[in-house]
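**Student:** For reference, the file coords06.cif (mmCIF, C-alpha atoms and all ligand atoms) is included below:
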```cif
data_my_file
loop_
_atom_site.label_atom_id
_atom_site.label_comp_id
_atom_site.auth_asym_id
_atom_site.auth_seq_id
_atom_site.Cartn_x
_atom_site.Cartn_y
_atom_site.Cartn_z
CA MET R 48 250.95 18.08 72.63
CA MET R 49 249.56 21.19 71.01
CA ALA R 50 251.52 22.19 67.94
CA VAL R 51 249.82 25.36 66.70
CA TYR R 52 250.64 28.64 68.45
CA ILE R 53 248.81 31.89 67.72
CA ASP R 54 250.14 35.23 68.93
CA GLN R 55 246.71 36.63 69.65
CA GLU R 56 247.97 40.12 70.45
CA ILE R 57 249.23 40.72 66.89
CA CYS R 58 246.40 38.85 65.14
CA LYS R 59 244.14 41.27 63.21
CA GLY R 60 241.28 38.84 62.75
CA CYS R 61 241.38 38.56 58.93
CA GLU R 62 240.22 34.91 59.16
CA ILE R 63 242.50 33.73 56.32
CA CYS R 64 243.87 30.88 58.48
CA VAL R 65 240.38 29.73 59.43
CA HIS R 66 239.34 29.68 55.78
CA TYR R 67 242.37 27.85 54.37
CA CYS R 68 242.91 25.24 57.11
CA PRO R 69 241.99 21.93 55.45
CA LYS R 70 241.15 20.29 58.79
CA ASN R 71 239.00 22.92 60.46
CA VAL R 72 241.40 23.24 63.39
CA LEU R 73 240.94 26.99 63.88
CA GLU R 74 238.03 29.23 64.77
CA MET R 75 237.60 32.90 65.62
CA ALA R 76 237.42 33.50 69.36
CA ALA R 77 234.40 35.26 70.81
CA ASP R 78 236.73 37.66 72.64
CA VAL R 79 238.84 40.55 71.31
CA ASN R 80 242.51 41.34 71.97
CA LYS R 81 243.77 44.57 73.48
CA ARG R 82 243.67 46.34 70.09
CA GLY R 83 240.04 45.34 69.67
CA PHE R 84 240.55 42.63 67.06
CA ASN R 85 238.59 39.42 67.19
CA TYR R 86 241.43 36.84 67.08
CA SER R 87 241.91 33.35 65.73
CA SER R 88 242.25 30.42 68.12
CA VAL R 89 243.06 26.73 68.05
CA VAL R 90 239.99 24.65 68.88
CA ARG R 91 240.74 21.16 67.47
CA PRO R 92 244.52 20.73 67.84
CA GLU R 93 244.28 16.95 67.60
CA ASP R 94 243.06 17.25 63.99
CA CYS R 95 246.07 19.28 62.80
CA ILE R 96 248.13 17.60 60.06
CA GLN R 97 250.90 20.21 60.32
CA CYS R 98 250.60 21.32 56.70
CA LYS R 99 251.67 24.82 57.83
CA LEU R 100 249.29 26.54 55.43
CA CYS R 101 248.00 28.78 58.23
CA GLU R 102 251.54 29.73 59.27
CA LYS R 103 252.62 30.46 55.69
CA MET R 104 249.54 32.47 54.73
CA CYS R 105 249.17 34.58 57.87
CA PRO R 106 249.72 38.22 56.80
CA ASP R 107 250.67 39.12 60.37
CA LEU R 108 253.27 36.41 61.14
CA ALA R 109 251.11 35.52 64.13
CA ILE R 110 251.09 31.71 63.69
CA TYR R 111 253.71 29.07 64.39
CA VAL R 112 253.12 25.38 63.74
CA GLU R 113 255.64 23.29 65.63
CA LYS R 114 256.53 20.02 63.90
CA GLU R 115 256.60 17.26 66.48
CA MET U 79 254.26 29.83 76.85
CA ILE U 80 253.42 31.10 73.38
CA LYS U 81 256.05 30.09 70.84
CA GLN U 82 256.58 32.56 68.03
CA ASN U 83 257.02 32.09 64.32
CA PRO U 84 260.82 31.74 63.89
CA GLN U 85 260.68 33.89 60.75
CA ARG U 86 260.19 36.83 63.07
CA LYS U 87 263.91 36.81 63.86
CA HIS U 88 264.41 38.54 60.47
CA ILE U 89 262.18 41.50 61.26
CA ARG U 90 262.16 44.45 63.61
CA ASP U 91 259.84 42.65 65.97
CA ASP U 92 259.03 45.69 68.08
CA LYS U 93 257.28 47.13 65.01
CA LEU U 94 254.60 44.39 65.04
CA PRO U 95 251.70 44.47 64.49
CA HIS U 96 252.65 46.02 61.17
CA PHE U 97 250.79 48.80 59.41
CA PHE U 98 248.94 46.68 56.82
CA CYS U 99 245.15 46.33 57.08
CA PRO U 100 243.66 42.99 58.21
CA GLY U 101 243.98 40.39 55.44
CA CYS U 102 246.20 42.56 53.20
CA GLY U 103 248.35 40.71 50.65
CA CYS U 104 251.37 42.89 51.52
CA GLY U 105 251.62 41.07 54.87
CA GLN U 106 251.49 37.73 53.08
CA VAL U 107 254.26 38.79 50.69
CA LEU U 108 256.38 39.79 53.70
CA ASN U 109 255.79 36.33 55.16
CA TYR U 110 256.60 34.57 51.83
CA PHE U 111 259.78 36.60 51.41
CA LEU U 112 261.01 35.69 54.91
CA ARG U 113 260.34 32.04 54.22
CA ALA U 114 262.27 32.20 50.93
CA VAL U 115 265.16 33.87 52.78
CA ASP U 116 265.11 31.19 55.48
CA GLU U 117 264.95 28.27 53.06
CA GLU U 118 267.89 29.62 51.07
CA ASN U 119 269.90 30.57 54.17
CA ILE U 120 270.32 34.11 52.90
CA ASN U 121 272.13 36.52 55.19
CA LEU U 122 269.93 39.61 55.43
CA ASP U 123 272.84 41.56 56.88
CA GLU U 124 274.41 41.63 53.44
CA MET U 125 271.28 42.63 51.55
CA VAL U 126 269.81 46.01 50.63
CA THR U 127 266.04 46.24 50.30
CA ILE U 128 264.31 49.22 48.76
CA GLY U 129 260.75 50.54 48.82
CA GLY U 130 259.40 53.71 47.19
CA VAL U 131 256.12 55.07 48.50
CA GLY U 132 252.94 53.06 48.96
CA CYS U 133 251.64 50.26 51.13
CA THR U 134 253.82 47.67 49.39
CA ALA U 135 256.81 49.96 49.69
CA ARG U 136 256.57 49.67 53.47
CA ILE U 137 257.55 45.99 53.47
CA PRO U 138 261.31 46.74 53.69
CA VAL U 139 260.73 48.96 56.71
CA TYR U 140 260.18 45.82 58.79
CA LEU U 141 263.24 43.91 57.55
CA LYS U 142 266.58 43.60 59.30
CA THR U 143 268.41 44.63 56.13
CA ASP U 144 269.94 47.92 55.07
CA THR U 145 266.84 49.66 53.83
CA LEU U 146 265.97 52.62 51.65
CA HIS U 147 262.45 53.97 51.82
CA GLY U 148 261.51 57.22 50.25
CA VAL U 149 260.73 58.61 46.84
CA HIS U 150 257.75 57.26 44.90
CA GLY U 151 258.81 55.38 41.74
CA ARG U 152 262.57 55.86 42.16
CA THR U 153 263.60 52.53 43.65
CA LEU U 154 265.40 51.40 40.50
CA ALA U 155 267.35 54.65 40.23
CA TRP U 156 268.75 54.03 43.73
CA ALA U 157 269.37 50.39 42.94
CA THR U 158 271.33 51.35 39.81
CA GLY U 159 273.58 53.61 41.87
CA ILE U 160 274.24 50.95 44.49
CA LYS U 161 274.86 48.23 41.91
CA LEU U 162 277.36 50.32 39.95
CA HIS U 163 279.31 51.10 43.07
CA LYS U 164 279.05 47.71 44.81
CA PRO U 165 277.84 45.04 42.38
CA GLU U 166 278.25 42.27 44.97
CA ILE U 167 275.41 43.59 47.17
CA PRO U 168 272.16 41.71 46.56
CA ILE U 169 269.24 44.10 46.10
CA VAL U 170 265.56 43.33 46.50
CA ILE U 171 262.96 45.95 45.60
CA PHE U 172 259.39 45.87 46.91
CA ALA U 173 257.20 47.97 44.67
CA GLY U 174 253.53 48.60 44.11
CA ASP U 175 252.00 48.53 40.64
CA GLY U 176 251.59 52.30 40.86
CA ASP U 177 255.18 52.73 41.96
CA LEU U 178 256.74 50.81 39.07
CA ALA U 179 254.18 50.64 36.27
CA SER U 180 253.06 54.24 36.59
CA ILE U 181 255.29 56.94 38.06
CA GLY U 182 258.42 54.76 37.93
CA GLY U 183 257.57 53.25 34.54
CA ASN U 184 260.57 54.68 32.74
CA HIS U 185 263.06 53.45 35.36
CA PHE U 186 261.42 50.05 35.12
CA ILE U 187 261.76 49.82 31.32
CA HIS U 188 265.37 50.93 31.28
CA ALA U 189 266.55 48.85 34.24
CA ALA U 190 265.05 45.83 32.48
CA ARG U 191 266.64 46.84 29.16
CA ARG U 192 270.05 47.11 30.83
CA ASN U 193 269.55 43.81 32.66
CA LEU U 194 270.46 45.43 35.96
CA ASP U 195 271.13 42.61 38.45
CA VAL U 196 268.30 43.22 40.94
CA THR U 197 265.21 41.38 42.15
CA VAL U 198 261.91 43.21 41.85
CA ILE U 199 258.97 41.91 43.89
CA LEU U 200 256.03 43.80 42.41
CA VAL U 201 252.89 43.52 44.50
CA ASN U 202 250.04 44.25 42.12
CA ASN U 203 246.97 45.09 44.18
CA LEU U 204 245.31 46.59 41.09
CA ASN U 205 245.04 50.14 42.45
CA PHE U 206 246.87 53.01 44.17
CA ALA U 207 246.10 51.74 47.64
CA MET U 208 247.90 54.02 50.07
CA THR U 209 246.34 57.18 48.67
CA GLY U 210 242.79 55.85 48.86
CA GLY U 211 242.16 53.47 45.94
CA GLN U 212 242.58 55.53 42.76
CA VAL U 213 242.54 53.88 39.34
CA ALA U 214 246.01 52.65 38.26
CA PRO U 215 247.43 51.43 34.93
CA SER U 216 247.00 47.91 36.30
CA THR U 217 243.30 48.28 37.24
CA PRO U 218 241.32 45.84 35.08
CA SER U 219 238.99 47.50 32.55
CA GLU U 220 235.42 48.27 33.57
CA LEU U 221 236.01 47.85 37.31
CA LYS U 222 235.09 50.64 39.68
CA THR U 223 237.64 52.45 41.81
CA MET U 224 237.46 55.55 43.95
CA THR U 225 238.27 57.74 40.92
CA ALA U 226 236.45 55.60 38.33
CA PRO U 227 232.93 55.47 39.78
CA TYR U 228 231.44 54.45 36.38
CA GLY U 229 234.09 51.79 35.79
CA ASN U 230 237.63 52.06 34.40
CA LYS U 231 237.43 52.94 30.69
CA GLU U 232 241.14 52.42 30.00
CA PRO U 233 242.82 49.19 28.93
CA ASP U 234 245.13 47.76 31.61
CA PHE U 235 248.83 46.95 31.43
CA ASP U 236 250.33 43.49 31.31
CA ILE U 237 253.37 44.28 33.44
CA CYS U 238 255.12 40.95 32.78
CA LYS U 239 254.87 41.38 28.99
CA LEU U 240 256.20 44.91 29.34
CA ALA U 241 259.22 43.64 31.30
CA ILE U 242 259.95 40.88 28.81
CA ALA U 243 259.70 43.25 25.84
CA ALA U 244 262.08 45.65 27.59
CA GLY U 245 264.70 42.94 28.19
CA ALA U 246 264.16 41.44 31.67
CA THR U 247 265.79 38.02 31.98
CA TYR U 248 263.61 36.43 34.71
CA VAL U 249 259.85 37.09 34.79
CA SER U 250 257.08 35.23 36.60
CA ARG U 251 253.61 36.00 37.95
CA TRP U 252 251.77 34.37 40.86
CA THR U 253 248.89 35.17 43.19
CA THR U 254 248.94 35.53 46.99
CA ASP U 255 246.71 32.48 47.54
CA ARG U 256 249.45 30.17 46.22
CA PRO U 257 252.08 30.33 48.99
CA ASN U 258 254.35 27.57 47.73
CA GLN U 259 254.58 28.95 44.21
CA VAL U 260 255.19 32.49 45.42
CA ILE U 261 257.94 31.30 47.78
CA LYS U 262 259.61 29.31 45.00
CA GLY U 263 259.21 32.26 42.61
CA ILE U 264 260.91 34.62 45.08
CA LYS U 265 263.76 32.12 45.56
CA ASP U 266 264.22 31.73 41.79
CA ALA U 267 264.10 35.49 41.26
CA MET U 268 266.73 36.07 43.97
CA LYS U 269 269.01 33.35 42.58
CA HIS U 270 268.79 34.63 39.02
CA LYS U 271 271.62 36.84 37.80
CA GLY U 272 270.11 39.77 35.94
CA PHE U 273 266.86 41.73 36.06
CA SER U 274 264.30 39.52 37.82
CA LEU U 275 260.65 40.42 38.16
CA ILE U 276 258.13 38.49 40.19
CA GLU U 277 254.67 40.03 39.94
CA ILE U 278 252.30 38.95 42.71
CA ILE U 279 248.60 39.63 42.20
CA SER U 280 247.44 40.65 45.65
CA GLN U 281 244.37 41.65 47.62
CA CYS U 282 243.73 45.17 48.91
CA PRO U 283 240.44 44.61 50.69
CA THR U 284 240.29 48.13 52.12
CA HIS U 285 240.27 50.07 48.85
CA PHE U 286 240.22 47.82 45.81
CA GLY U 287 237.77 45.33 47.31
CA ARG U 288 235.53 48.04 48.66
CA TYR U 289 235.07 49.85 45.31
CA ALA U 290 235.47 47.09 42.72
CA LEU U 291 233.69 44.24 44.50
CA ASP U 292 231.57 46.06 47.08
CA SER U 293 233.30 44.10 49.83
CA GLY U 294 236.08 44.72 52.30
CA ASN U 295 236.34 41.03 53.09
CA PRO U 296 239.79 39.71 52.11
CA GLN U 297 238.37 36.27 51.35
CA VAL U 298 235.91 37.66 48.78
CA LEU U 299 238.81 39.28 46.97
CA LEU U 300 241.05 36.20 47.22
CA ASP U 301 238.27 34.04 45.77
CA TRP U 302 237.63 36.58 42.99
CA ILE U 303 241.33 36.53 42.04
CA LYS U 304 241.37 32.74 42.17
CA ASP U 305 238.37 32.45 39.84
CA LEU U 306 240.09 34.67 37.27
CA THR U 307 243.44 32.86 37.46
CA LEU U 308 244.70 30.65 34.64
CA THR U 309 248.00 28.79 34.50
CA LYS U 310 250.20 29.51 31.50
CA THR U 311 249.43 26.03 30.14
CA GLN U 312 245.67 26.64 30.40
CA ALA U 313 245.99 30.09 28.83
CA ASP U 314 248.06 28.82 25.90
CA LYS U 315 245.04 26.86 24.68
CA LEU U 316 242.84 29.99 24.58
CA THR U 317 242.51 32.87 22.12
CA ALA U 318 243.64 36.38 23.05
CA GLN U 319 239.98 37.36 23.47
CA GLU U 320 239.37 34.48 25.90
CA GLN U 321 242.47 35.42 27.91
CA LYS U 322 241.20 38.98 28.41
CA GLY U 323 240.61 39.94 32.03
CA LYS U 324 242.36 36.82 33.36
CA PHE U 325 245.40 36.63 35.62
CA ILE U 326 247.81 34.32 33.82
CA ILE U 327 250.35 32.78 36.18
CA GLY U 328 253.62 30.98 35.63
CA GLU U 329 257.26 31.52 34.79
CA PHE U 330 257.43 33.38 31.47
CA ILE U 331 261.14 33.80 30.84
CA LYS U 332 264.45 32.76 32.36
CA GLU U 333 267.58 33.36 30.34
CA ASP U 334 271.20 34.34 30.83
CA LYS U 335 272.43 37.61 29.37
CA PRO U 336 275.27 39.94 30.37
CA VAL U 337 274.35 42.16 33.31
CA TYR U 338 274.80 45.92 33.41
CA THR U 339 278.02 47.01 35.04
CA GLY U 340 278.26 50.64 33.91
CA SER U 341 281.19 52.18 32.07
CA SER U 342 284.85 51.78 32.94
CA VAL U 343 285.18 55.58 33.09
CA TYR U 344 282.77 55.58 36.01
CA LYS U 345 284.66 52.84 37.82
CA GLU U 346 288.00 54.57 37.42
CA ALA U 347 286.51 57.80 38.74
CA CYS U 348 285.40 55.95 41.87
CA GLN U 349 288.83 54.53 42.61
C1 LIG T 401 256.21 61.85 43.58
C2 LIG T 401 254.98 61.42 44.29
N1 LIG T 401 253.79 61.41 43.65
C3 LIG T 401 252.68 60.99 44.27
C4 LIG T 401 252.74 60.55 45.56
C5 LIG T 401 251.48 60.10 46.26
N2 LIG T 401 251.42 58.66 46.42
C6 LIG T 401 251.75 58.05 47.59
S1 LIG T 401 251.53 56.40 47.56
C7 LIG T 401 250.92 56.47 45.99
C8 LIG T 401 250.43 55.26 45.26
C9 LIG T 401 250.93 53.99 45.69
O1 LIG T 401 250.41 52.99 44.86
P1 LIG T 401 251.21 51.66 44.60
O2 LIG T 401 252.60 51.97 44.21
O3 LIG T 401 250.43 50.82 43.68
O4 LIG T 401 251.31 51.00 46.04
P2 LIG T 401 250.17 50.41 46.98
O5 LIG T 401 249.88 51.46 47.99
O6 LIG T 401 248.99 50.10 46.10
O7 LIG T 401 250.78 49.19 47.57
C10 LIG T 401 250.91 57.78 45.51
C11 LIG T 401 250.41 58.18 44.18
C12 LIG T 401 254.00 60.56 46.22
N3 LIG T 401 254.16 60.11 47.46
N4 LIG T 401 255.09 61.00 45.55
S1 LIG T 402 249.00 23.39 60.07
FE1 LIG T 402 247.43 22.95 58.51
S2 LIG T 402 246.01 21.56 59.54
FE2 LIG T 402 247.25 22.48 61.16
S3 LIG T 402 246.04 24.27 61.83
FE3 LIG T 402 247.46 25.02 60.25
S4 LIG T 402 246.30 24.90 58.33
FE4 LIG T 402 245.20 23.63 59.85
S1 LIG T 403 245.09 50.03 51.96
FE1 LIG T 403 245.03 48.08 50.84
S2 LIG T 403 247.18 47.66 50.23
FE2 LIG T 403 247.20 49.26 51.83
S3 LIG T 403 247.54 48.12 53.76
FE3 LIG T 403 245.29 48.40 53.49
S4 LIG T 403 244.61 46.54 52.41
FE4 LIG T 403 246.83 46.65 52.20
#
```
Please rewrite the model in this file as structure tokens.
Ligand SMILES: Cc1ncc(C[n+]2csc(CCOP(=O)(O)OP(=O)(O)O)c2C)c(N)n1
Ligand code: SF4
Ligand code: SF4
**Tutor:**
Amino acid sequence: MMAVYIDQEICKGCEICVHYCPKNVLEMAADVNKRGFNYSSVVRPEDCIQCKLCEKMCPDLAIYVEKE
Amino acid sequence: MIKQNPQRKHIRDDKLPHFFCPGCGCGQVLNYFLRAVDEENINLDEMVTIGGVGCTARIPVYLKTDTLHGVHGRTLAWATGIKLHKPEIPIVIFAGDGDLASIGGNHFIHAARRNLDVTVILVNNLNFAMTGGQVAPSTPSELKTMTAPYGNKEPDFDICKLAIAAGATYVSRWTTDRPNQVIKGIKDAMKHKGFSLIEIISQCPTHFGRYALDSGNPQVLLDWIKDLTLTKTQADKLTAQEQKGKFIIGEFIKEDKPVYTGSSVYKEACQ
């Protein structure tokens, strides 16, 4: 089951989550959201170790990592 | 179905996305504060948060607390009034370095001297951000800003040392790229009885990064801050000259002293 949720409509595309994720789970999407920001997306959910670094460091409160 | 970060229950959700630029440290401090509140089961309904003017000062605008947002540099004057009238109300102030170390400098010194029982979360983004990136008392020497195109020729302030010298009873400094330490620091500052200051060195990619580092990329700024960061233990082994230009992090003071309660004449007048 996928555990990382990203609210792509409030993501501003700063890429902090992509940079700090120790497992390379996240990548920037090719698409933009309705405000024109290139958003972050979950591409390798199976690699997530649920460290919550992305959720904690997101300046926009856009990420939620659900502990299974 | 997209599940949302549960911390968002503490904020005025309809105001998201917030006003901060992409990758701004103010957003991270908002996130760290909410986490500290959650972990300590703090009831935001009972709290007053205060911001002056500036990007940092907008953090309280998003919180489901009673909030004051208004005059640049005067957060501690308001806090003093509230505390004298209702000492049981917990107060958290979100202030920029310009707000408290510059225009509000005198309020800062005297609130610390009195050991007013408030928590100050000072987001030091090393410039006056909201007004376009002017040089501030906290801007490191020799760096360029919008108003210091040949580099800042003034020495910068060590805000933590200033607070300790004035009489603050809890003082620590962290950086935005250390979430766990910032969250713990905010919790400790809120639990401490007396004047608590947590200074958080933070990235303003839009103005500080653009002029000082020629880059608006938040990661460039975060890495620059990280490279200049020393823990207190590391710094203690160095000379004053070697410590120059570094961000020294850690808890610097934590002590119990009587808190300011005003004069009895005032209290009687209120009754
Ligand atoms: C009395 C007064 N003087 C000047 C200003 C203009 N002003 C608005 S924000 C600001 C600087 C904010 O800098 P800081 O407190 O460091 O916050 P930041 O925006 O960097 O987070 C200034 C000088 C003002 N609003 N009120
Ligand atoms: S929880 Fe940790 S491992 Fe999982 S996506 Fe976030 S940063 Fe990566
Ligand atoms: S101007 Fe700087 S401090 Fe203000 S919101 Fe933008 S990045 Fe943040």
**Student:** Can you work out which residues are within 6 Å of ligand LIG 402 (chain T), considering only C-alpha atoms and all ligand atoms, and then hand them over as a PyMOL selection string?
**Tutor:** chain R and resi 68-70+72+95-101+112
**Student:** One decimal, Å: what's the distance from CA of His147 in chain U over to CA of Ile57 in chain R, could you say?
**Tutor:**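 Value for the CA of His147 in chain U-CA of Ile57 in chain R distance: 24.0 Å.
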**Student:** Excluding Arg288 in chain U and its own-chain neighbours fewer than 3 positions away, which residues fall within 12 Å of it when counting all atoms listed in the file? Please give them as a PyMOL selection string.
**Tutor:** chain U and resi 205+207+210-212+221-224+227+281-285+291-296+298-299
**Student:** Please return, as a count of residues only, all residues of chain U lying within 7 Å of chain R when only C-alpha atoms are considered.
**Tutor:** 16
**Student:** What is the CA of Arg86 in chain U-CA of Ile120 in chain U distance in Å, reported with one decimal?
**Tutor:**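 If I compute the distance from CA of Arg86 in chain U to CA of Ile120 in chain U, I get 14.6 Å.
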**Student:** Ligand LIG 401 (chain T): which residues are within 8 Å, counting all atoms listed in the file? Reply as number ranges by chain.
**Tutor:** U: 104, 130-135, 149-151, 173-178, 180-181, 201-209, 211, 214, 282
**Student:** So how far away is CA of Ile261 in chain U from CA of Gly159 in chain U, in Å?
**Tutor:** 27.9 Å
**Student:** Ranking U:Gly287, U:Pro336, U:Gln312, U:Glu329 by minimum distance to ligand LIG 403 (chain T) and counting only C-alpha atoms and all ligand atoms, which one comes first?
**Tutor:**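 Among U:Gly287, U:Pro336, U:Gln312, U:Glu329, it is U:Gly287 that comes nearest to ligand LIG 403 (chain T).
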**Student:** Mind working out the centre and edge lengths of an axis-aligned box for range 153-159 of chain U, all listed atoms inside, 5 Å added to each side, rounded to one decimal in Å and written as AutoDock Vina command-line options?
**Tutor:**
```
--center_x 268.6 --center_y 52.5 --center_z 41.8 --size_x 20.0 --size_y 14.3 --size_z 13.9
```
